[in-house]
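What's in target25.cif: mmCIF, C-alpha atoms
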data_entry
loop_
_atom_site.label_atom_id
_atom_site.label_comp_id
_atom_site.auth_asym_id
_atom_site.auth_seq_id
_atom_site.Cartn_x
_atom_site.Cartn_y
_atom_site.Cartn_z
CA MET A 1 0.00 0.00 0.00
CA LEU A 2 1.14 3.53 -0.72
CA ASP A 3 1.41 5.99 2.10
CA CYS A 4 0.51 9.67 1.66
CA LYS A 5 4.09 10.68 1.00
CA GLN A 6 4.49 8.20 -1.85
CA SER A 7 1.04 8.95 -3.11
CA SER A 8 1.68 12.71 -3.25
CA GLN A 9 4.88 12.07 -5.20
CA LEU A 10 2.99 10.01 -7.76
CA ILE A 11 0.25 12.64 -8.00
CA SER A 12 2.85 15.29 -8.77
CA GLN A 13 4.65 13.06 -11.25
CA SER A 14 1.41 12.23 -13.01
CA LEU A 15 1.49 15.84 -14.24
CA ASP A 16 4.97 15.31 -15.70
CA ARG A 17 4.96 11.77 -17.04
CA SER A 18 2.64 8.85 -17.72
CA LEU A 19 2.40 6.65 -14.69
CA THR A 20 2.76 2.92 -15.18
CA LEU A 21 -0.33 0.76 -14.93
CA ARG A 22 0.84 -0.54 -11.57
CA GLU A 23 1.40 2.99 -10.26
CA ARG A 24 -1.95 4.19 -11.49
CA PHE A 25 -3.69 1.27 -9.84
CA ALA A 26 -1.88 1.79 -6.53
CA LEU A 27 -2.65 5.50 -6.61
CA GLN A 28 -6.33 4.98 -7.39
CA LEU A 29 -6.60 2.57 -4.46
CA HIS A 30 -5.04 5.11 -2.15
CA LEU A 31 -7.22 7.94 -3.38
CA ILE A 32 -10.37 5.95 -2.65
CA ILE A 33 -9.52 5.83 1.02
CA CYS A 34 -7.61 9.09 1.45
CA GLU A 35 -9.51 12.35 1.36
CA TYR A 36 -6.35 14.41 1.95
CA CYS A 37 -4.46 13.06 -1.04
CA LYS A 38 -7.56 13.56 -3.13
CA ARG A 39 -7.50 17.21 -2.08
CA PHE A 40 -3.81 17.44 -2.86
CA SER A 41 -4.46 16.05 -6.32
CA GLN A 42 -7.13 18.65 -7.04
CA GLN A 43 -4.98 21.41 -5.63
CA VAL A 44 -1.93 20.80 -7.80
CA GLN A 45 -4.22 20.89 -10.81
CA THR A 46 -5.77 24.12 -9.59
CA LEU A 47 -2.26 25.55 -9.21
CA ARG A 48 -1.45 24.70 -12.79
CA ILE A 49 -4.58 26.41 -14.09
CA ALA A 50 -4.13 29.47 -11.89
CA LEU A 51 -0.50 29.95 -12.87
CA LYS A 52 -1.36 29.68 -16.52
CA GLN A 53 -3.97 32.35 -16.05
CA MET A 54 -1.47 34.56 -14.31
CA ALA A 55 1.01 34.23 -17.18
CA ASN A 56 -1.70 34.99 -19.72
CA SER A 57 -2.71 38.07 -17.81
CA ILE A 58 0.88 39.37 -18.01
CA GLU A 59 1.22 38.54 -21.69
CA ASN A 60 -2.06 40.18 -22.65
CA ASN A 61 -1.83 43.23 -20.43
CA SER A 62 -0.99 46.09 -22.76
CA MET A 63 -0.47 48.32 -19.73
CA ILE A 64 2.79 46.51 -19.04
CA GLU A 65 5.58 48.14 -20.99
CA MET A 66 9.32 48.03 -21.04
CA SER A 67 10.93 50.87 -19.12
CA SER A 68 11.85 53.82 -21.31
CA ALA A 69 15.43 53.49 -20.09
CA ALA A 70 15.61 49.96 -21.46
CA LYS A 71 14.01 51.03 -24.74
CA LYS A 72 16.53 53.80 -25.14
CA ARG A 73 19.40 51.47 -24.32
CA ILE A 74 18.27 48.92 -26.88
CA ALA A 75 17.68 51.60 -29.51
CA ASP A 76 21.21 52.93 -28.95
CA LEU A 77 22.73 49.47 -29.14
CA VAL A 78 20.82 48.72 -32.32
CA GLU A 79 22.06 52.00 -33.75
CA ALA A 80 25.67 51.28 -32.81
CA ASN A 81 25.61 47.79 -34.24
CA HIS A 82 23.81 48.86 -37.35
CA SER A 83 26.34 51.51 -38.31
CA GLN A 84 29.14 48.98 -37.92
CA THR A 85 27.77 46.82 -40.71
CA MET B 1 13.35 44.79 -51.26
CA THR B 2 13.34 47.45 -48.61
CA THR B 3 15.40 46.85 -45.53
CA PRO B 4 13.18 46.74 -42.47
CA ASN B 5 13.84 49.39 -39.89
CA MET B 6 14.89 47.93 -36.57
CA HIS B 7 13.72 51.01 -34.72
CA ASP B 8 10.22 50.55 -36.06
CA TRP B 9 10.37 46.96 -34.96
CA LEU B 10 11.44 48.03 -31.51
CA ASN B 11 8.48 50.38 -31.28
CA GLU B 12 6.00 47.93 -32.72
CA HIS B 13 7.11 44.72 -31.05
CA GLY B 14 9.32 45.71 -28.11
CA ASP B 15 6.59 45.75 -25.48
CA PHE B 16 5.01 42.58 -26.81
CA LEU B 17 8.35 40.78 -26.58
CA TYR B 18 8.94 42.23 -23.13
CA ARG B 19 5.61 40.91 -21.84
CA PHE B 20 6.27 37.53 -23.43
CA ALA B 21 9.61 37.36 -21.59
CA LEU B 22 8.21 38.74 -18.35
CA ALA B 23 5.47 36.12 -18.23
CA ARG B 24 8.16 33.44 -18.44
CA LEU B 25 11.02 34.86 -16.42
CA ARG B 26 9.05 36.92 -13.87
CA ASP B 27 11.90 39.36 -13.53
CA PRO B 28 11.73 42.78 -15.24
CA HIS B 29 15.51 43.12 -15.56
CA LEU B 30 16.01 39.65 -16.99
CA ALA B 31 13.11 40.26 -19.33
CA GLU B 32 14.65 43.51 -20.59
CA ASP B 33 17.99 41.79 -21.04
CA VAL B 34 16.61 39.00 -23.20
CA VAL B 35 14.67 41.48 -25.33
CA GLN B 36 17.88 43.45 -25.82
CA GLU B 37 19.77 40.31 -26.79
CA THR B 38 16.99 39.40 -29.17
CA PHE B 39 17.23 42.67 -31.05
CA LEU B 40 21.01 42.48 -31.18
CA ALA B 41 20.87 38.93 -32.50
CA ALA B 42 18.22 39.97 -35.03
CA ILE B 43 20.21 42.85 -36.45
CA LYS B 44 23.25 40.65 -36.91
CA SER B 45 21.29 37.85 -38.51
CA PRO B 46 21.60 37.28 -42.24
CA ASP B 47 17.86 36.55 -42.25
CA PHE B 48 17.08 40.05 -41.05
CA ALA B 49 16.37 41.72 -44.38
CA GLY B 50 13.92 39.18 -45.71
CA GLN B 51 11.55 39.02 -42.76
CA SER B 52 7.91 39.50 -43.64
CA ALA B 53 6.61 38.38 -40.25
CA PRO B 54 8.97 40.09 -37.84
CA ARG B 55 6.98 39.44 -34.68
CA THR B 56 6.97 35.69 -35.22
CA TRP B 57 10.63 35.73 -36.17
CA LEU B 58 11.65 37.85 -33.19
CA THR B 59 9.57 35.73 -30.83
CA GLY B 60 11.39 32.65 -32.09
CA ILE B 61 14.75 34.25 -31.27
CA LEU B 62 13.42 35.42 -27.90
CA LYS B 63 12.32 31.90 -26.94
CA HIS B 64 15.87 30.67 -27.34
CA LYS B 65 17.22 33.54 -25.28
CA ILE B 66 14.71 32.80 -22.51
CA ILE B 67 15.69 29.13 -22.48
CA ASP B 68 19.34 30.21 -22.23
CA VAL B 69 18.61 32.27 -19.13
CA MET B 70 16.55 29.52 -17.53
CA ARG B 71 19.21 26.96 -18.24
CA LYS B 72 21.85 29.17 -16.69
CA ASN B 73 19.72 29.89 -13.63
CA VAL B 74 18.71 26.34 -12.98
CA ARG B 75 22.27 25.11 -13.44
CA GLU B 76 23.34 27.46 -10.70
CA ILE B 77 21.43 25.39 -8.21
CA ALA B 78 24.03 23.83 -6.00
CA ALA B 79 24.64 20.26 -7.04
CA SER B 80 24.03 19.19 -3.45
CA ASP B 81 20.59 20.70 -3.51
CA LEU B 82 19.66 19.25 -6.85
CA MET B 83 21.06 15.82 -6.25
CA SER B 84 19.99 15.39 -2.68
CA ASP B 85 17.91 12.40 -1.73
CA GLU B 86 14.35 12.40 -2.92
CA ASP B 87 13.08 12.56 0.61
CA ALA B 88 15.25 15.42 1.76
CA ASN B 89 13.46 18.56 2.90
CA MET B 90 10.14 16.79 2.65
CA ASP B 91 10.16 15.82 6.30
CA GLU B 92 8.27 18.92 7.27
CA PHE B 93 5.33 17.77 5.17
CA PHE B 94 4.99 14.18 6.40
CA ASP B 95 5.36 12.38 9.71
CA GLU B 96 7.55 9.31 10.14
CA THR B 97 4.72 6.98 9.12
CA GLY B 98 4.33 8.75 5.78
CA HIS B 99 1.11 10.54 6.70
CA TRP B 100 0.51 14.24 6.14
CA ALA B 101 2.00 16.21 9.00
CA GLU B 102 -0.53 18.92 8.27
CA LYS B 103 -3.52 17.59 6.44
CA PRO B 104 -4.41 19.45 3.25
CA LEU B 105 -7.46 21.60 3.83
CA ALA B 106 -10.46 21.63 1.56
CA TRP B 107 -10.08 24.55 -0.82
CA ASP B 108 -13.41 26.13 -1.25
CA MET B 109 -13.06 27.58 -4.71
CA PRO B 110 -16.11 29.67 -5.51
CA GLU B 111 -16.90 30.33 -9.14
CA GLY B 112 -14.39 32.78 -10.50
CA ALA B 113 -12.04 32.48 -7.52
CA LEU B 114 -9.10 32.08 -9.86
CA GLU B 115 -9.72 35.48 -11.37
CA GLN B 116 -9.91 37.22 -8.04
CA LYS B 117 -7.22 39.77 -7.47
CA GLN B 118 -6.74 38.60 -3.91
CA PHE B 119 -6.11 35.01 -4.86
CA LEU B 120 -3.78 35.90 -7.72
CA GLY B 121 -1.91 38.34 -5.53
CA ILE B 122 -1.26 35.69 -2.90
CA LEU B 123 -0.28 33.19 -5.57
CA GLN B 124 2.18 35.72 -6.95
CA SER B 125 3.78 36.35 -3.58
CA CYS B 126 3.95 32.60 -2.91
CA MET B 127 5.74 32.12 -6.23
CA GLU B 128 8.20 34.77 -5.16
CA LYS B 129 8.86 32.90 -1.94
CA LEU B 130 9.87 29.75 -3.78
CA PRO B 131 13.58 29.45 -4.50
CA ALA B 132 13.91 31.36 -7.77
CA LYS B 133 15.25 28.46 -9.75
CA LEU B 134 12.59 26.12 -8.52
CA ALA B 135 9.96 28.66 -9.48
CA GLN B 136 11.45 29.00 -12.93
CA LEU B 137 11.54 25.29 -13.62
CA PHE B 138 7.98 25.09 -12.38
CA LEU B 139 6.87 27.89 -14.69
CA MET B 140 8.57 26.23 -17.62
CA ARG B 141 6.70 23.04 -16.96
CA ASP B 142 3.30 24.02 -15.63
CA VAL B 143 2.67 27.29 -17.36
CA HIS B 144 4.40 26.92 -20.67
CA GLU B 145 3.96 23.19 -20.98
CA THR B 146 7.53 22.69 -21.97
CA ASP B 147 7.94 19.01 -22.63
CA ASN B 148 9.58 17.27 -19.69
CA GLU B 149 12.10 15.61 -21.96
CA GLU B 150 13.01 18.99 -23.42
CA ILE B 151 13.44 20.50 -19.95
CA CYS B 152 15.83 17.71 -18.98
CA LYS B 153 17.77 18.08 -22.20
CA GLU B 154 17.91 21.87 -22.02
CA LEU B 155 18.86 21.96 -18.37
CA ASN B 156 21.01 18.89 -18.44
CA ILE B 157 19.28 17.26 -15.50
CA SER B 158 17.84 13.78 -15.16
CA ALA B 159 14.12 13.13 -15.40
CA THR B 160 14.15 12.05 -11.77
CA ASN B 161 15.72 15.33 -10.71
CA ALA B 162 13.13 17.27 -12.63
CA TRP B 163 10.28 15.36 -10.98
CA VAL B 164 11.74 15.90 -7.53
CA MET B 165 12.16 19.63 -8.13
CA LEU B 166 8.68 20.02 -9.55
CA TYR B 167 7.28 18.07 -6.63
CA ARG B 168 9.03 20.39 -4.19
CA ALA B 169 7.75 23.42 -6.01
CA ARG B 170 4.16 22.16 -5.89
CA MET B 171 4.38 21.16 -2.23
CA GLY B 172 5.84 24.51 -1.25
CA LEU B 173 3.39 26.50 -3.28
CA ARG B 174 0.25 24.77 -2.08
CA LYS B 175 1.33 25.05 1.53
CA CYS B 176 2.10 28.74 1.15
CA LEU B 177 -1.29 29.31 -0.45
CA GLU B 178 -3.05 27.44 2.28
CA ILE B 179 -1.38 29.50 4.98
CA ASN B 180 -1.80 32.89 3.34
CA TRP B 181 -5.04 32.50 1.46
CA LEU B 182 -7.19 30.24 3.60
CA GLY B 183 -5.54 31.43 6.78
CA ALA B 184 -6.29 35.03 5.94
#

Could you rewrite the structure in this file as structure tokens?
Amino acid sequence: MLDCKQSSQLISQSLDRSLTLRERFALQLHLIICEYCKRFSQQVQTLRIALKQMANSIENNSMIEMSSAAKKRIADLVEANHSQT
Amino acid sequence: MTTPNMHDWLNEHGDFLYRFALARLRDPHLAEDVVQETFLAAIKSPDFAGQSAPRTWLTGILKHKIIDVMRKNVREIAASDLMSDEDANMDEFFDETGHWAEKPLAWDMPEGALEQKQFLGILQSCMEKLPAKLAQLFLMRDVHETDNEEICKELNISATNAWVMLYRARMGLRKCLEINWLGA
């Protein structure tokens, strides 16, 4: 039988690789009897969705701009390298 | 064929590229640096003149630059930390019989909870509390769905190491959320 520690490791890994049939079976058995690991399983999936949403909100937020100092620096560098060629 | 103007590109695509990098690296300075490197690489590229879809082309260059930074950052993790036993540092989460030391609470997620500013704010600060490199690997995997095999190849770590690190990131993050969000 899996304990909660092993079970939580498999739950995490199931997001990163395909579990073997044996692992899946053992995990399912554990999840039937363990409310806490079931919660953990839902929570790591929630985390994944929430983080993705956070990244999207950065990518699509047109209010976020590069600092003008950085823009100027890049423009100058582009200029310098352009005139070399 | 007219030569594209890099300054126009900077104006048109600079902020887009910056946001793209920021969403992945979560660090304004690093994000600015990779955008800068992208433009420098672009101007030196022999493909520069013939680009009809500059944004796509620049984004392709940027992706490589971002991976370079992530690779460098994750490699800086002390070998001892990375290679330590799978169970190390996990003792705080489980008792000696392998049961949860602190049982995961039920997260009551009302409709739309994920969009709430409060929740996202706490999530953000919890991400910041994770060791930076762990957070970055986690972002690569969970947010940008970088293939696990590719992560291992790019970062030159074993699959087992990657799983252990991702596991640690998830454990740390969910605990932090539970304390700061549900505890609030």

Next item on the list: Counting only C-alpha atoms, select every polymer residue within 12 Å of (1.0, 27.3, -14.5) as defined in the file's coordinates, and provide the selection as a VMD selection string.
Entry: (chain A and resid 15 44 to 57) or (chain B and resid 23 to 24 120 123 to 124 127 135 to 146 166 169 to 170 173)

Check: Counting all atoms listed in the file, which residues from chain B have an atom at most 7 Å from any atom of chain A, and could you show them as a ChimeraX atom specification?
Finding: /B:7,15,18-20,23,32,36,40,94,98-100,103-104,106,114,142-143,148,163,167,170

Notebook entry, point to check: Of the residues B:Leu22, B:Met6, B:Ile61, B:Leu177, which is the one nearest to B:Phe119, using only C-alpha atoms?
Noted result: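 Among the listed residues, B:Leu177 lies closest to B:Phe119.
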
Checklist line | B:Met70 environment, 12 Å, only C-alpha atoms, sequence neighbours closer than 5 positions dropped, as a VMD selection string | finding: chain B and resid 21 24 to 27 30 to 31 34 63 to 65 75 to 77 132 to 141 151 to 152 154 to 156

Notebook entry, point to check: Just how far from atom CA of B:Leu62 is atom CA of B:Glu37, in Å to one decimal?
Noted result: 8.1 Å

Check: Could you work out how far atom CA of B:Ala159 lies from atom CA of A:Glu23, giving the answer in Å with one decimal?
Finding: 17.1 Å

Note to self: Let me make sure I understand: among B:Ile122, B:Ile43, B:Phe93, B:Ala162, which one has the smallest atom-to-atom distance to A:Ala80 if we use only C-alpha atoms?
What the structure shows: B:Ile43

Margin query: So that I can see what lies close to B:Glu178, please list as an NGL selection string the residues with an atom at most 9 Å from it, counting all atoms listed in the file and leaving out residues fewer than 4 positions away in the same chain.
Written below: :B and (104-105 or 107 or 173-174 or 182-183)

Please complete stretch 8-42 of chain A so it has N, CA and C atoms, and hand it over as a CSV table (one decimal), in the frame of the given file.
chain,number,residue,atom,x,y,z
A,8,SER,N,1.6,11.3,-2.8
A,8,SER,CA,1.7,12.7,-3.2
A,8,SER,C,2.8,12.9,-4.3
A,9,GLN,N,3.8,12.0,-4.2
A,9,GLN,CA,4.9,12.1,-5.2
A,9,GLN,C,4.4,11.6,-6.6
A,10,LEU,N,3.6,10.5,-6.5
A,10,LEU,CA,3.0,10.0,-7.8
A,10,LEU,C,2.0,11.0,-8.4
A,11,ILE,N,1.2,11.6,-7.5
A,11,ILE,CA,0.2,12.6,-8.0
A,11,ILE,C,1.0,13.8,-8.7
A,12,SER,N,2.1,14.2,-8.1
A,12,SER,CA,2.8,15.3,-8.8
A,12,SER,C,3.5,14.8,-10.1
A,13,GLN,N,4.0,13.6,-10.0
A,13,GLN,CA,4.6,13.1,-11.2
A,13,GLN,C,3.7,12.8,-12.4
A,14,SER,N,2.4,12.5,-12.0
A,14,SER,CA,1.4,12.2,-13.0
A,14,SER,C,1.2,13.5,-13.9
A,15,LEU,N,1.6,14.6,-13.4
A,15,LEU,CA,1.5,15.8,-14.2
A,15,LEU,C,2.7,16.0,-15.2
A,16,ASP,N,3.7,15.2,-14.9
A,16,ASP,CA,5.0,15.3,-15.7
A,16,ASP,C,5.3,14.1,-16.5
A,17,ARG,N,4.7,13.0,-16.3
A,17,ARG,CA,5.0,11.8,-17.0
A,17,ARG,C,3.7,10.9,-17.0
A,18,SER,N,3.7,9.8,-17.8
A,18,SER,CA,2.6,8.8,-17.7
A,18,SER,C,3.0,7.8,-16.7
A,19,LEU,N,2.1,7.7,-15.7
A,19,LEU,CA,2.4,6.6,-14.7
A,19,LEU,C,2.2,5.3,-15.3
A,20,THR,N,2.9,4.3,-14.7
A,20,THR,CA,2.8,2.9,-15.2
A,20,THR,C,1.4,2.4,-14.7
A,21,LEU,N,1.0,1.3,-15.3
A,21,LEU,CA,-0.3,0.8,-14.9
A,21,LEU,C,-0.4,0.4,-13.4
A,22,ARG,N,0.7,-0.2,-13.0
A,22,ARG,CA,0.8,-0.5,-11.6
A,22,ARG,C,0.7,0.7,-10.7
A,23,GLU,N,1.4,1.8,-11.1
A,23,GLU,CA,1.4,3.0,-10.3
A,23,GLU,C,0.0,3.6,-10.2
A,24,ARG,N,-0.6,3.6,-11.4
A,24,ARG,CA,-2.0,4.2,-11.5
A,24,ARG,C,-2.9,3.4,-10.6
A,25,PHE,N,-2.8,2.1,-10.6
A,25,PHE,CA,-3.7,1.3,-9.8
A,25,PHE,C,-3.5,1.5,-8.3
A,26,ALA,N,-2.2,1.6,-7.9
A,26,ALA,CA,-1.9,1.8,-6.5
A,26,ALA,C,-2.4,3.2,-6.1
A,27,LEU,N,-2.2,4.1,-6.9
A,27,LEU,CA,-2.6,5.5,-6.6
A,27,LEU,C,-4.2,5.6,-6.5
A,28,GLN,N,-4.9,5.0,-7.4
A,28,GLN,CA,-6.3,5.0,-7.4
A,28,GLN,C,-6.8,4.4,-6.1
A,29,LEU,N,-6.2,3.2,-5.7
A,29,LEU,CA,-6.6,2.6,-4.5
A,29,LEU,C,-6.4,3.5,-3.3
A,30,HIS,N,-5.3,4.2,-3.3
A,30,HIS,CA,-5.0,5.1,-2.2
A,30,HIS,C,-6.0,6.3,-2.1
A,31,LEU,N,-6.3,6.8,-3.3
A,31,LEU,CA,-7.2,7.9,-3.4
A,31,LEU,C,-8.6,7.6,-2.9
A,32,ILE,N,-9.0,6.3,-3.1
A,32,ILE,CA,-10.4,6.0,-2.6
A,32,ILE,C,-10.5,6.1,-1.1
A,33,ILE,N,-9.4,5.8,-0.4
A,33,ILE,CA,-9.5,5.8,1.0
A,33,ILE,C,-9.0,7.1,1.6
A,34,CYS,N,-8.3,7.9,0.8
A,34,CYS,CA,-7.6,9.1,1.4
A,34,CYS,C,-8.1,10.4,0.9
A,35,GLU,N,-8.9,11.1,1.7
A,35,GLU,CA,-9.5,12.4,1.4
A,35,GLU,C,-8.4,13.4,1.2
A,36,TYR,N,-7.4,13.4,2.0
A,36,TYR,CA,-6.4,14.4,2.0
A,36,TYR,C,-5.5,14.4,0.7
A,37,CYS,N,-5.2,13.2,0.2
A,37,CYS,CA,-4.5,13.1,-1.0
A,37,CYS,C,-5.3,13.4,-2.2
A,38,LYS,N,-6.6,13.2,-2.1
A,38,LYS,CA,-7.6,13.6,-3.1
A,38,LYS,C,-7.6,15.1,-3.2
A,39,ARG,N,-7.6,15.7,-2.1
A,39,ARG,CA,-7.5,17.2,-2.1
A,39,ARG,C,-6.2,17.7,-2.7
A,40,PHE,N,-5.1,17.1,-2.3
A,40,PHE,CA,-3.8,17.4,-2.9
A,40,PHE,C,-3.8,17.3,-4.4
A,41,SER,N,-4.4,16.3,-4.9
A,41,SER,CA,-4.5,16.0,-6.3
A,41,SER,C,-5.2,17.2,-7.0
A,42,GLN,N,-6.4,17.5,-6.4
A,42,GLN,CA,-7.1,18.6,-7.0
A,42,GLN,C,-6.4,20.0,-6.9
